[in-house]
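Before any comments, here is the structure.
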Amino acid sequence: MQPIIELAKSKEQNAAAAFGQARAELGSQQARLEELQNYRIEYIARFNQQALLGMDALKVKDFQQFHVVDKAEQHVEQKREHWLNERRQLGVYDQLKDRYQSAEQRDQDRLEQKDTDERAQRSTAYPKQD
């Protein structure tokens, strides 16, 4: 059972690391977004004016670059969900391990009690004679 727990812990830790990296990337992208927000407002106004007059594909592609932060947020959310799933799975394995250990302990206790009872029964059935 322990190898399964170790594997689940490893997967949860890997997912947590990926989640952390995704959050760091999101922070970086959000900082970039802050720098570009004022420019974006002006750019959108110019984009709308140029759209009325017609524009080439390169300018449309440039406008689409503003959606990088949205993609980073989606990426972070996916990693967060993955990490939470791995964490839940680890919890399930921990519960299963605890149940297994409890069952083992109960079985061990029963065997010890049976052994004690048998010894007590033998000692009363065959008392020592001096």
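By order in the structure tokens, chains are A, B, ...; within a chain, residues start at 1; ligands start at 1, following the order shown.
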
Extract, using only C-alpha atoms, all DNA, RNA and protein residues at most 6 Å from Phe19 of chain A, discarding same-chain residues fewer than 2 positions from it, and format them as a ChimeraX atom specification.
-> /A:16-17,21-22,79-80

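Using only C-alpha atoms, the contacts of segment 8-15 of chain A at a cut-off of 7 Å, with sequence neighbours closer than 3 positions omitted, comprise Ile4, Ile5, Ala18, Phe19, His82, Trp83, Glu86, Arg87 and Leu90 of chain A.
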
Quick one: everything within 10 Å of segment 27-29 of chain A, counting only C-alpha atoms, minus sequence neighbours fewer than 6 positions away in the same chain. Send it as an MDAnalysis selection string.
-> chainID A and resid 21 35 68:73
